[in-house]
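Q: File work-v9.tsv below, TSV, C-alpha atoms and all ligand atoms:
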chain	number	residue	atom	x	y	z
A	156	MET	CA	20.34	202.68	10.27
A	157	LEU	CA	21.08	206.29	11.08
A	158	GLU	CA	20.37	207.27	14.66
A	159	ILE	CA	18.66	210.62	15.16
A	160	ASP	CA	18.23	212.31	18.53
A	161	GLY	CA	14.81	213.97	18.45
A	162	SER	CA	15.69	216.17	21.42
A	163	HIS	CA	18.44	218.02	19.51
A	164	GLY	CA	18.09	221.84	19.42
A	165	GLU	CA	14.48	222.88	19.97
A	166	GLY	CA	13.51	219.17	20.10
A	167	GLY	CA	10.26	219.57	18.09
A	168	GLY	CA	8.44	217.79	15.29
A	169	GLN	CA	10.52	219.21	12.48
A	170	ILE	CA	13.39	216.82	13.29
A	171	LEU	CA	11.07	213.92	12.50
A	172	ARG	CA	9.63	215.51	9.35
A	173	THR	CA	13.03	216.40	7.90
A	174	SER	CA	14.34	212.93	8.77
A	175	LEU	CA	11.37	211.33	6.98
A	176	ALA	CA	11.91	213.51	3.91
A	177	LEU	CA	15.66	212.93	3.69
A	178	SER	CA	15.27	209.23	4.40
A	179	CYS	CA	12.89	208.96	1.43
A	180	VAL	CA	15.32	210.93	-0.75
A	181	THR	CA	18.41	208.89	0.18
A	182	ARG	CA	16.59	205.64	1.03
A	183	LYS	CA	18.68	205.46	4.21
A	184	GLY	CA	16.65	204.05	7.10
A	185	PHE	CA	16.69	205.81	10.46
A	186	LYS	CA	15.87	205.26	14.07
A	187	ILE	CA	14.72	208.32	16.00
A	188	ASN	CA	14.34	208.54	19.76
A	189	ASN	CA	13.28	211.33	22.13
A	190	ILE	CA	10.66	212.43	19.58
A	191	ARG	CA	9.45	215.99	20.42
A	192	LYS	CA	11.15	215.67	23.80
A	193	ASN	CA	11.04	219.40	24.47
A	194	ARG	CA	7.35	219.89	23.72
A	195	SER	CA	4.72	219.94	26.48
A	196	ASN	CA	3.04	216.88	24.86
A	197	PRO	CA	6.09	214.81	23.77
A	198	GLY	CA	5.97	211.94	21.29
A	199	LEU	CA	3.99	211.59	18.08
A	200	SER	CA	0.81	213.65	17.83
A	201	HIS	CA	-1.76	213.08	15.07
A	202	GLN	CA	0.00	215.26	12.51
A	203	HIS	CA	3.34	213.47	13.03
A	204	LEU	CA	1.75	210.03	13.01
A	205	LYS	CA	-0.05	210.77	9.75
A	206	SER	CA	3.16	212.19	8.26
A	207	VAL	CA	4.89	208.88	8.96
A	208	GLU	CA	1.97	206.90	7.51
A	209	LEU	CA	1.90	209.08	4.41
A	210	MET	CA	5.64	208.82	3.74
A	211	SER	CA	5.51	205.10	4.36
A	212	GLU	CA	2.69	204.62	1.86
A	213	LEU	CA	4.48	206.69	-0.76
A	214	THR	CA	7.70	204.67	-0.45
A	215	ASN	CA	6.42	201.32	0.83
A	216	ALA	CA	8.53	201.76	3.97
A	217	GLU	CA	9.01	199.36	6.86
A	218	ILE	CA	8.06	201.00	10.15
A	219	GLU	CA	8.30	199.93	13.77
A	220	GLU	CA	6.74	201.41	16.88
A	221	LEU	CA	4.23	203.67	15.15
A	222	GLU	CA	1.71	204.68	17.77
A	223	LEU	CA	0.24	207.93	19.00
A	224	ARG	CA	2.64	209.41	21.61
A	225	SER	CA	5.50	207.03	20.65
A	226	THR	CA	8.83	208.65	21.43
A	227	GLU	CA	10.80	206.22	19.27
A	228	LEU	CA	10.40	205.05	15.71
A	229	LYS	CA	12.23	203.08	12.99
A	230	PHE	CA	11.61	203.93	9.35
A	231	LYS	CA	13.14	202.32	6.25
A	232	PRO	CA	11.80	203.26	2.80
A	233	LYS	CA	11.92	200.60	0.05
A	234	ASN	CA	10.88	202.43	-3.14
A	235	LYS	CA	11.13	205.85	-4.71
A	236	PRO	CA	8.09	207.93	-3.74
A	237	LYS	CA	4.98	208.06	-5.92
A	238	GLY	CA	1.26	207.70	-5.52
A	239	GLU	CA	-2.18	209.08	-5.00
A	240	ILE	CA	-3.38	209.15	-1.40
A	241	GLU	CA	-6.19	210.57	0.73
A	242	ILE	CA	-5.25	211.21	4.33
A	243	ASP	CA	-7.23	212.55	7.28
A	244	ILE	CA	-5.20	213.94	10.19
A	245	GLY	CA	-8.37	213.60	12.25
A	246	THR	CA	-7.73	216.76	14.28
A	247	ALA	CA	-6.73	220.37	13.51
A	248	GLY	CA	-3.11	219.14	13.10
A	249	SER	CA	-1.41	221.20	10.40
A	250	ILE	CA	-1.88	220.10	6.79
A	251	CYS	CA	1.03	222.31	5.70
A	252	LEU	CA	3.44	220.68	8.14
A	253	LEU	CA	2.44	217.26	6.84
A	254	LEU	CA	3.08	218.48	3.28
A	255	GLN	CA	6.54	219.77	4.36
A	256	CYS	CA	7.72	216.13	4.36
A	257	ILE	CA	6.83	215.53	0.74
A	258	LEU	CA	8.38	218.56	-0.95
A	259	PRO	CA	12.06	217.43	-0.82
A	260	THR	CA	11.10	213.93	-1.98
A	261	LEU	CA	9.87	215.28	-5.34
A	262	THR	CA	13.56	215.40	-6.29
A	263	VAL	CA	13.60	211.57	-6.42
A	264	ALA	CA	9.92	210.89	-7.17
A	265	GLU	CA	9.28	208.16	-9.71
A	266	ASP	CA	5.95	209.63	-10.76
A	267	GLU	CA	3.40	212.24	-9.72
A	268	ILE	CA	2.44	212.51	-6.06
A	269	ASN	CA	-1.18	213.60	-5.59
A	270	ILE	CA	-2.57	213.92	-2.10
A	271	LYS	CA	-5.82	215.06	-0.53
A	272	VAL	CA	-5.30	215.96	3.13
A	273	LYS	CA	-7.90	216.80	5.76
A	274	GLY	CA	-6.90	218.69	8.91
A	275	GLY	CA	-6.02	222.23	10.00
A	276	THR	CA	-5.25	224.87	7.37
A	277	ASP	CA	-4.71	227.88	9.66
A	278	VAL	CA	-3.48	226.75	13.05
A	279	LYS	CA	-0.91	228.00	15.56
A	280	TRP	CA	2.85	227.33	15.25
A	281	SER	CA	2.62	226.27	11.61
A	282	PRO	CA	2.47	227.93	8.19
A	283	PRO	CA	-1.05	229.16	7.35
A	284	VAL	CA	-2.14	227.71	4.03
A	285	ASP	CA	-1.99	231.13	2.28
A	286	TYR	CA	1.62	231.49	3.49
A	287	PHE	CA	2.42	227.98	2.29
A	288	LYS	CA	1.02	228.69	-1.20
A	289	ASN	CA	2.26	232.24	-1.73
A	290	ILE	CA	5.66	231.99	-0.07
A	291	THR	CA	6.84	228.40	0.47
A	292	VAL	CA	5.51	226.83	-2.72
A	293	TYR	CA	6.12	230.00	-4.76
A	294	ILE	CA	9.82	230.12	-3.79
A	295	LEU	CA	10.25	226.35	-4.23
A	296	ASN	CA	8.73	226.57	-7.74
A	297	LYS	CA	11.48	229.08	-8.56
A	298	ILE	CA	14.17	226.53	-7.67
A	299	GLY	CA	12.64	223.75	-9.72
A	300	ILE	CA	10.26	222.02	-7.30
A	301	LYS	CA	7.07	221.27	-9.25
A	302	ALA	CA	4.33	221.46	-6.64
A	303	ASP	CA	0.99	223.15	-6.31
A	304	ILE	CA	-1.78	223.25	-3.72
A	305	LYS	CA	-5.48	224.06	-3.84
A	306	THR	CA	-7.37	224.84	-0.65
A	307	LYS	CA	-10.88	223.41	-0.87
A	308	LYS	CA	-12.00	224.09	2.71
A	309	ARG	CA	-10.53	225.81	5.77
A	310	GLY	CA	-9.84	223.93	9.00
A	311	TYR	CA	-9.32	225.64	12.37
A	312	TYR	CA	-8.59	224.59	15.93
A	313	PRO	CA	-10.16	222.53	17.49
A	314	LYS	CA	-12.34	220.84	14.83
A	315	GLY	CA	-10.01	220.84	11.83
A	316	GLY	CA	-11.86	219.47	8.80
A	317	GLY	CA	-10.00	221.63	6.26
A	318	LEU	CA	-9.19	220.11	2.87
A	319	VAL	CA	-6.12	220.75	0.72
A	320	GLU	CA	-5.21	219.08	-2.57
A	321	PHE	CA	-1.51	218.74	-3.26
A	322	ARG	CA	-0.03	217.93	-6.68
A	323	GLY	CA	3.67	217.29	-7.11
A	324	LYS	CA	5.72	216.14	-10.09
A	325	PRO	CA	9.23	214.65	-10.33
A	326	SER	CA	11.55	217.67	-9.97
A	327	GLU	CA	15.18	218.66	-10.11
A	328	VAL	CA	16.28	221.21	-7.52
A	329	LYS	CA	18.33	224.05	-9.08
A	330	GLN	CA	21.28	225.67	-7.34
A	331	PHE	CA	20.24	229.07	-6.00
A	332	ASP	CA	21.78	232.26	-4.71
A	333	PHE	CA	19.29	234.29	-2.68
A	334	SER	CA	21.72	236.63	-0.97
A	335	ASP	CA	19.93	239.87	-1.97
A	336	ASN	CA	16.35	240.97	-2.32
A	337	GLN	CA	14.58	243.94	-3.88
A	338	SER	CA	12.54	246.47	-1.93
A	339	PRO	CA	8.85	245.61	-2.02
A	340	GLU	CA	6.70	247.30	-4.63
A	341	LYS	CA	3.46	246.21	-3.07
A	342	ILE	CA	2.07	244.27	-0.11
A	343	LYS	CA	-0.40	241.56	-0.97
A	344	GLY	CA	-2.59	239.74	1.49
A	345	VAL	CA	-5.76	238.02	2.49
A	346	SER	CA	-7.85	238.84	5.55
A	347	TYR	CA	-10.40	236.12	6.18
A	348	VAL	CA	-13.20	234.84	8.39
A	349	SER	CA	-15.18	231.62	8.57
A	350	ASN	CA	-18.53	231.39	10.35
A	351	LEU	CA	-18.00	234.81	11.97
A	352	PRO	CA	-19.10	238.33	10.89
A	353	GLU	CA	-17.29	239.56	7.78
A	354	ASP	CA	-16.72	242.87	9.56
A	355	ILE	CA	-13.88	241.19	11.53
A	356	ALA	CA	-11.93	240.57	8.32
A	357	HIS	CA	-12.45	244.23	7.28
A	358	ARG	CA	-11.16	245.46	10.65
A	359	GLN	CA	-8.10	243.19	10.46
A	360	LYS	CA	-7.39	244.53	6.97
A	361	LYS	CA	-7.86	248.18	7.98
A	362	SER	CA	-5.51	247.99	10.96
A	363	ALA	CA	-2.85	246.24	8.83
A	364	GLU	CA	-3.25	248.89	6.11
A	365	ASP	CA	-2.88	251.75	8.60
A	366	ILE	CA	0.50	250.40	9.69
A	367	LEU	CA	1.60	249.66	6.12
A	368	ASP	CA	0.59	253.20	5.04
A	369	LYS	CA	3.70	253.95	2.98
A	370	TYR	CA	3.32	250.85	0.78
A	371	LYS	CA	0.94	250.10	-2.10
A	372	LYS	CA	-1.42	247.42	-0.91
A	373	ASP	CA	-3.71	244.78	-2.30
A	374	ILE	CA	-5.28	242.97	0.65
A	375	ILE	CA	-8.45	241.06	-0.16
A	376	VAL	CA	-11.24	240.15	2.26
A	377	LYS	CA	-12.60	236.60	2.10
A	378	LYS	CA	-15.31	234.56	3.78
A	379	PHE	CA	-14.09	230.98	3.64
A	380	GLU	CA	-16.14	227.82	4.00
A	381	ALA	CA	-15.22	225.77	7.09
A	382	ILE	CA	-16.76	223.55	9.78
A	383	GLY	CA	-15.54	225.66	12.71
A	384	LYS	CA	-14.99	229.35	13.36
A	385	GLY	CA	-11.77	231.13	12.51
A	386	THR	CA	-10.19	234.40	11.40
A	387	GLY	CA	-6.76	235.59	10.41
A	388	ILE	CA	-4.61	237.56	8.01
A	389	VAL	CA	-1.63	236.64	5.85
A	390	LEU	CA	0.58	239.31	4.22
A	391	TRP	CA	3.46	239.06	1.76
A	392	THR	CA	5.65	241.37	-0.29
A	393	LYS	CA	5.59	241.55	-4.07
A	394	ASN	CA	8.77	242.16	-6.11
A	395	GLY	CA	11.64	239.76	-5.87
A	396	LEU	CA	11.23	236.95	-3.35
A	397	PRO	CA	8.18	237.26	-1.10
A	398	LEU	CA	8.66	237.86	2.63
A	399	GLY	CA	5.64	236.83	4.66
A	400	SER	CA	3.91	237.26	7.98
A	401	SER	CA	0.59	236.25	9.46
A	402	SER	CA	-1.62	236.40	12.51
A	403	LEU	CA	-4.52	234.25	13.66
A	404	GLY	CA	-7.61	235.46	15.46
A	405	GLU	CA	-8.63	233.89	18.74
A	406	PRO	CA	-11.36	234.50	21.31
A	407	GLY	CA	-10.63	237.72	23.21
A	408	LYS	CA	-8.07	239.01	20.67
A	409	PRO	CA	-9.40	242.15	18.94
A	410	ALA	CA	-9.44	242.11	15.14
A	411	GLU	CA	-7.32	245.27	15.20
A	412	GLU	CA	-4.58	243.42	17.06
A	413	VAL	CA	-4.64	240.55	14.54
A	414	GLY	CA	-4.10	243.01	11.68
A	415	SER	CA	-1.45	245.12	13.41
A	416	GLU	CA	0.54	242.10	14.61
A	417	ALA	CA	0.90	240.74	11.05
A	418	ALA	CA	1.72	244.20	9.63
A	419	GLU	CA	4.34	245.01	12.28
A	420	ASN	CA	6.02	241.64	11.81
A	421	LEU	CA	6.10	242.18	8.06
A	422	ILE	CA	7.74	245.60	8.53
A	423	THR	CA	10.41	243.97	10.73
A	424	GLU	CA	11.04	241.41	7.97
A	425	ILE	CA	11.29	244.12	5.31
A	426	LYS	CA	13.64	246.34	7.36
A	427	ARG	CA	16.09	243.52	7.92
A	428	ASN	CA	18.62	242.78	5.30
A	429	GLY	CA	17.56	239.30	4.16
A	430	ALA	CA	16.26	237.63	1.01
A	431	VAL	CA	13.88	235.22	2.77
A	432	ASP	CA	11.92	235.53	6.00
A	433	ARG	CA	12.63	233.69	9.26
A	434	TYR	CA	10.27	230.83	8.41
A	435	MET	CA	11.67	230.23	4.94
A	436	GLY	CA	15.05	230.39	6.66
A	437	ASP	CA	14.40	226.91	8.08
A	438	GLN	CA	12.19	225.62	5.26
A	439	LEU	CA	14.87	226.17	2.59
A	440	VAL	CA	17.55	224.22	4.48
A	441	PRO	CA	16.85	220.79	2.88
A	442	PHE	CA	16.71	222.28	-0.62
A	443	ALA	CA	20.05	224.08	-0.26
A	444	GLY	CA	21.48	220.75	0.91
A	445	LEU	CA	19.97	218.79	-1.97
A	446	SER	CA	21.17	221.29	-4.58
A	447	GLY	CA	24.73	220.78	-3.30
A	448	ASN	CA	25.80	224.35	-3.91
A	449	SER	CA	23.53	227.21	-2.86
A	450	ARG	CA	23.37	230.18	-0.54
A	451	TYR	CA	20.67	232.37	0.92
A	452	LYS	CA	20.28	235.12	3.44
A	453	THR	CA	17.55	234.90	6.06
A	454	THR	CA	16.18	237.88	7.99
A	455	GLN	CA	16.52	235.99	11.27
A	456	LEU	CA	18.53	232.90	12.15
A	457	THR	CA	16.32	230.60	14.24
A	458	GLN	CA	17.00	227.46	16.25
A	459	HIS	CA	14.79	225.62	13.73
A	460	THR	CA	17.23	226.56	10.95
A	461	LEU	CA	20.23	225.36	12.92
A	462	THR	CA	18.50	222.11	13.87
A	463	ASN	CA	17.27	221.46	10.34
A	464	ALA	CA	20.83	221.86	9.03
A	465	TRP	CA	22.01	219.39	11.67
A	466	VAL	CA	19.39	216.83	10.55
A	467	VAL	CA	20.20	217.18	6.83
A	468	GLU	CA	23.93	216.78	7.55
A	469	ARG	CA	23.13	213.36	9.11
A	470	PHE	CA	21.69	212.14	5.76
A	471	LEU	CA	23.72	213.93	3.07
A	472	ASP	CA	27.47	214.23	2.70
A	473	ILE	CA	27.46	218.02	3.01
A	474	ASN	CA	28.24	220.78	5.50
A	475	TYR	CA	26.33	223.99	6.03
A	476	LYS	CA	28.28	227.17	6.68
A	477	ILE	CA	26.12	229.55	8.68
A	478	LYS	CA	27.43	233.09	9.08
A	479	GLY	CA	25.44	235.09	11.62
A	480	ASN	CA	24.01	234.90	15.11
A	481	LYS	CA	20.70	233.58	16.35
A	482	GLY	CA	17.97	236.22	16.16
A	483	LYS	CA	19.89	238.24	13.55
A	484	GLU	CA	20.33	238.16	9.76
A	485	ALA	CA	22.42	235.19	8.61
A	486	LEU	CA	23.90	233.72	5.43
A	487	ILE	CA	23.41	229.98	4.97
A	488	GLU	CA	25.70	228.31	2.47
A	489	VAL	CA	26.33	224.83	1.13
A	490	ASN	CA	29.21	224.21	-1.28
B	501	LIG	N1	3.55	231.73	11.26
B	501	LIG	C1	4.26	230.91	10.49
B	501	LIG	N2	4.40	231.18	9.19
B	501	LIG	C2	5.11	230.36	8.41
B	501	LIG	N3	5.73	229.24	8.82
B	501	LIG	C3	5.63	228.93	10.11
B	501	LIG	C4	4.89	229.75	11.02
B	501	LIG	N4	4.98	229.20	12.25
B	501	LIG	C5	5.73	228.07	12.12
B	501	LIG	N5	6.13	227.92	10.83
B	501	LIG	C6	6.94	226.82	10.29
B	501	LIG	O1	6.41	225.63	10.79
B	501	LIG	C7	7.45	224.72	11.13
B	501	LIG	C8	7.27	224.42	12.62
B	501	LIG	O2	8.20	223.47	13.03
B	501	LIG	P1	8.14	222.93	14.51
B	501	LIG	O3	9.29	222.00	14.65
B	501	LIG	O4	8.01	224.04	15.51
B	501	LIG	O5	6.82	222.23	14.49
B	501	LIG	P2	6.61	221.15	15.39
B	501	LIG	O6	7.78	221.07	16.33
B	501	LIG	O7	6.25	220.00	14.54
B	501	LIG	O8	5.52	221.52	16.29
B	501	LIG	P3	5.19	220.40	17.13
B	501	LIG	O9	6.41	219.75	17.72
B	501	LIG	O10	4.25	220.91	18.14
B	501	LIG	O11	4.55	219.49	16.11
B	501	LIG	C9	8.75	225.41	10.79
B	501	LIG	O12	9.14	225.00	9.49
B	501	LIG	C10	8.37	226.89	10.76
B	501	LIG	O13	9.14	227.64	9.86
I'd like the structure from this file rewritten - as structure tokens, please.

A:
Amino acid sequence: MLEIDGSHGEGGGQILRTSLALSCVTRKGFKINNIRKNRSNPGLSHQHLKSVELMSELTNAEIEELELRSTELKFKPKNKPKGEIEIDIGTAGSICLLLQCILPTLTVAEDEINIKVKGGTDVKWSPPVDYFKNITVYILNKIGIKADIKTKKRGYYPKGGGLVEFRGKPSEVKQFDFSDNQSPEKIKGVSYVSNLPEDIAHRQKKSAEDILDKYKKDIIVKKFEAIGKGTGIVLWTKNGLPLGSSSLGEPGKPAEEVGSEAAENLITEIKRNGAVDRYMGDQLVPFAGLSGNSRYKTTQLTQHTLTNAWVVERFLDINYKIKGNKGKEALIEVN
């Protein structure tokens, strides 16, 4: 069994998720300790626990020590992933982070993987579902990963209750070279509210548009069905590979600030010389590794990217070459 130190780098949940994914791809078992050691609430939270359960059901894995707040875990998959599953995170834990585990495993899937997940769709420190669809899944489709998601209901902190349907098919990851990007022709986006006045979504949109004044824009306003209250905005560039940014509303945060935060972050992404944004910088790591020979330039090298590369190197016989410094543009290569 491979031994993984969950406190490596930022010591967060992604070490577990990437280990689960790569374990299912290679069918190498692993033992992880110090799970989420550097988080204020260490150990497995609901989202991580459900990710382990999901991956274990898909591959008929043997697991030991699976409990809420466990800081250690053993996982050994038996079969190639496939199946149809309904899973309820039970909290506002991120649906998109749970789905992160499955995407790399489509490269070895025996059959379709269809999942209905309940939980949070637009929650802090995770990809909002509109980012996941329009940036993560969009870019992965381009490199051969056959996946799609449909958002049926939104889920916000603290109640969750969002519903997303995921469909994935056996896929072959293509080698890719994303070292350049084109300047954006247009900014697309969605400014949304649930169970709050629609005016908030219009104000978020307006303040984002004011900052993005020199670009063509197509930002739609939506009122989404949900159990709880929530607002936010997701923006992405059109032309070439999409760069994305987002901001969530919260009590006491003016709608104008939500819109301007997302727009300013997007401008920073555009001004930097990178083909993918800082979040895709870490999310593409496993796919570059699985393709065996790929390169891409991220707008900002993060600790998550470095840690993700470290995890993938434990499972695959590859080395990442990362040229650049943390916080700056960087080229990530596998060959
Ligand atoms: N605003 C965002 N837009 C897109 N992707 C995001 C955003 N915020 C975070 N992400 C992605 O979500 C993932 C977060 O990983 P991280 O390890 O921080 O989660 P986590 O550690 O599981 O959190 P926790 O330990 O609390 O569960 C990363 O892949 C990151 O790129």

Q: Return as a ChimeraX atom specification the residues of protein, DNA or RNA that approach ligand LIG 501 (chain B) to within 8 Å, with all atoms listed in the file taken into account.

A: /A:165-170,172,191,194,196-197,200,202-203,252,255,279-283,286-287,399-402,433-438,459

Q: Could you please take those selected residues and save C-alpha atoms as a CSV table (one decimal), in the coordinates of the input?

A:
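File written: selection_37.csv
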chain,number,residue,atom,x,y,z
A,165,GLU,CA,14.5,222.9,20.0
A,166,GLY,CA,13.5,219.2,20.1
A,167,GLY,CA,10.3,219.6,18.1
A,168,GLY,CA,8.4,217.8,15.3
A,169,GLN,CA,10.5,219.2,12.5
A,170,ILE,CA,13.4,216.8,13.3
A,172,ARG,CA,9.6,215.5,9.4
A,191,ARG,CA,9.4,216.0,20.4
A,194,ARG,CA,7.4,219.9,23.7
A,196,ASN,CA,3.0,216.9,24.9
A,197,PRO,CA,6.1,214.8,23.8
A,200,SER,CA,0.8,213.6,17.8
A,202,GLN,CA,0.0,215.3,12.5
A,203,HIS,CA,3.3,213.5,13.0
A,252,LEU,CA,3.4,220.7,8.1
A,255,GLN,CA,6.5,219.8,4.4
A,279,LYS,CA,-0.9,228.0,15.6
A,280,TRP,CA,2.8,227.3,15.2
A,281,SER,CA,2.6,226.3,11.6
A,282,PRO,CA,2.5,227.9,8.2
A,283,PRO,CA,-1.0,229.2,7.4
A,286,TYR,CA,1.6,231.5,3.5
A,287,PHE,CA,2.4,228.0,2.3
A,399,GLY,CA,5.6,236.8,4.7
A,400,SER,CA,3.9,237.3,8.0
A,401,SER,CA,0.6,236.2,9.5
A,402,SER,CA,-1.6,236.4,12.5
A,433,ARG,CA,12.6,233.7,9.3
A,434,TYR,CA,10.3,230.8,8.4
A,435,MET,CA,11.7,230.2,4.9
A,436,GLY,CA,15.0,230.4,6.7
A,437,ASP,CA,14.4,226.9,8.1
A,438,GLN,CA,12.2,225.6,5.3
A,459,HIS,CA,14.8,225.6,13.7

Q: Find, counting only C-alpha atoms, the residue in A:Glu353, A:Glu239, A:Glu158, A:Asp277 that gets nearest to A:Leu403.

A: A:Asp277

Q: Give me the stretch 175-276 of chain A side of the contact with stretch 460-474 of chain A, cut-off 10 Å, one line per residue showing its nearest atom pair and distance in Å at one decimal, counting only C-alpha atoms, sorted by chain and residue number, as a tab-separated table.

A:
residue	atom	partner	partner_atom	distance
A:Ala176	CA	A:Val467	CA	9.5
A:Leu177	CA	A:Phe470	CA	6.4
A:Ser178	CA	A:Phe470	CA	7.2
A:Val180	CA	A:Phe470	CA	9.2
A:Thr181	CA	A:Phe470	CA	7.2
A:Arg182	CA	A:Phe470	CA	9.5
A:Lys183	CA	A:Phe470	CA	7.5
A:Gly184	CA	A:Phe470	CA	9.6
A:Phe185	CA	A:Phe470	CA	9.3

Q: Do you have the atom CA of A:Gly274-atom CA of A:Ser206 distance handy?

A: 12.0 Å

Q: Measuring between all atoms listed in the file, which one of A:Val489, A:Ala302, A:Leu351, A:Ala247 shows the shortest distance to A:Gly387?

A: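 Under the stated criterion, the closest residue is A:Leu351.
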
Q: Expressed in Å to a single decimal, how great is the separation between atom CA of A:Lys231 and atom CA of A:Leu209?

A: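 Interatomic distance, atom CA of A:Lys231 to atom CA of A:Leu209: 13.2 Å.
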
Q: Record the distance separating atom CA of A:Phe442 and atom CA of A:Leu396, expressed in Å with one decimal.

A: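 We find that atom CA of A:Phe442 and atom CA of A:Leu396 lie 15.9 Å from each other.
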
Q: Please report, as CSV, each residue of stretch 295-346 of chain A lying at most 12 Å from stretch 407-426 of chain A, together with the nearest pair of atoms and the separation in Å rounded to one decimal; use only C-alpha atoms, and order rows by chain and ascending residue number.

A:
residue,atom,partner,partner_atom,distance
A:Asn336,CA,A:Ile425,CA,9.7
A:Gln337,CA,A:Ile425,CA,9.8
A:Ser338,CA,A:Ile425,CA,7.7
A:Pro339,CA,A:Ile425,CA,7.9
A:Glu340,CA,A:Ile425,CA,11.4
A:Lys341,CA,A:Ile425,CA,11.7
A:Ile342,CA,A:Leu421,CA,9.3
A:Lys343,CA,A:Ala418,CA,11.1
A:Gly344,CA,A:Ala417,CA,10.2
A:Val345,CA,A:Gly414,CA,10.6
A:Ser346,CA,A:Gly414,CA,8.3

Q: When you look at A:Ile294 with a cut-off of 8 Å (counting all atoms listed in the file), what residues show up, excluding the ones that are within fewer than 4 positions of it in the same chain? I need them as a list of chain:residue names.

A: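 Close residues of A:Ile294: A:Ile290, A:Ile298, A:Leu396, A:Pro397.
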
Q: Do a neighbour search on A:Leu398 at 6 Å with only C-alpha atoms, toss out local chain neighbours closer than 2 positions, and write the hits as a PyMOL selection string.

A: chain A and resi 391-392+431-432

Q: Which of these residues is nearest to A:Leu261, using all atoms listed in the file: A:Lys308, A:Leu367, A:Lys360, A:Leu213?

A: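 Closest to A:Leu261, using all atoms listed in the file: A:Leu213.
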
Q: With all atoms listed in the file as the atoms that count, which of A:Glu364, A:Asp354, A:Glu320, A:Glu484 lies nearest to A:Ile268?

A: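 Going through A:Glu364, A:Asp354, A:Glu320, A:Glu484 one by one, the smallest distance to A:Ile268 is for A:Glu320.
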
Q: Which protein, DNA or RNA residues are at most 6 Å from (22.7, 227.7, 4.0) in the file's coordinates when you count only C-alpha atoms, listed as an MDAnalysis selection string?

A: chainID A and resid 450:451 475 487:489

Q: May I ask which of the residues A:Pro352, A:His163, A:Arg358, A:Phe331 is the closest one to A:Asn448, counting all atoms listed in the file?

A: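 Distance minimum relative to A:Asn448 lands on A:Phe331.
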
Q: What lies within 9 Å of A:Ala381 using all atoms listed in the file, ignoring chain neighbours under 5 positions off, as a list of chain:residue names?

A: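 The contact residues come out as A:Lys308, A:Arg309, A:Gly310, A:Tyr311, A:Gly315, A:Gly316, A:Gly317, A:Ser349, A:Asn350.
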
Q: Which residue gives the smallest distance to A:Ala443 among A:Asp266, A:Asp332, A:Glu227, A:Asp303, with all atoms listed in the file counted?

A: A:Asp332

Q: Enclose all atoms of stretch 304-310 of chain A listed in the file in an axis-aligned box, grow every side by 5 Å, and hand back centre and edge lengths in Å to one decimal, as lines of an AutoDock Vina configuration file.

A:
center_x = -6.9
center_y = 224.5
center_z = 2.6
size_x = 20.2
size_y = 12.6
size_z = 22.8
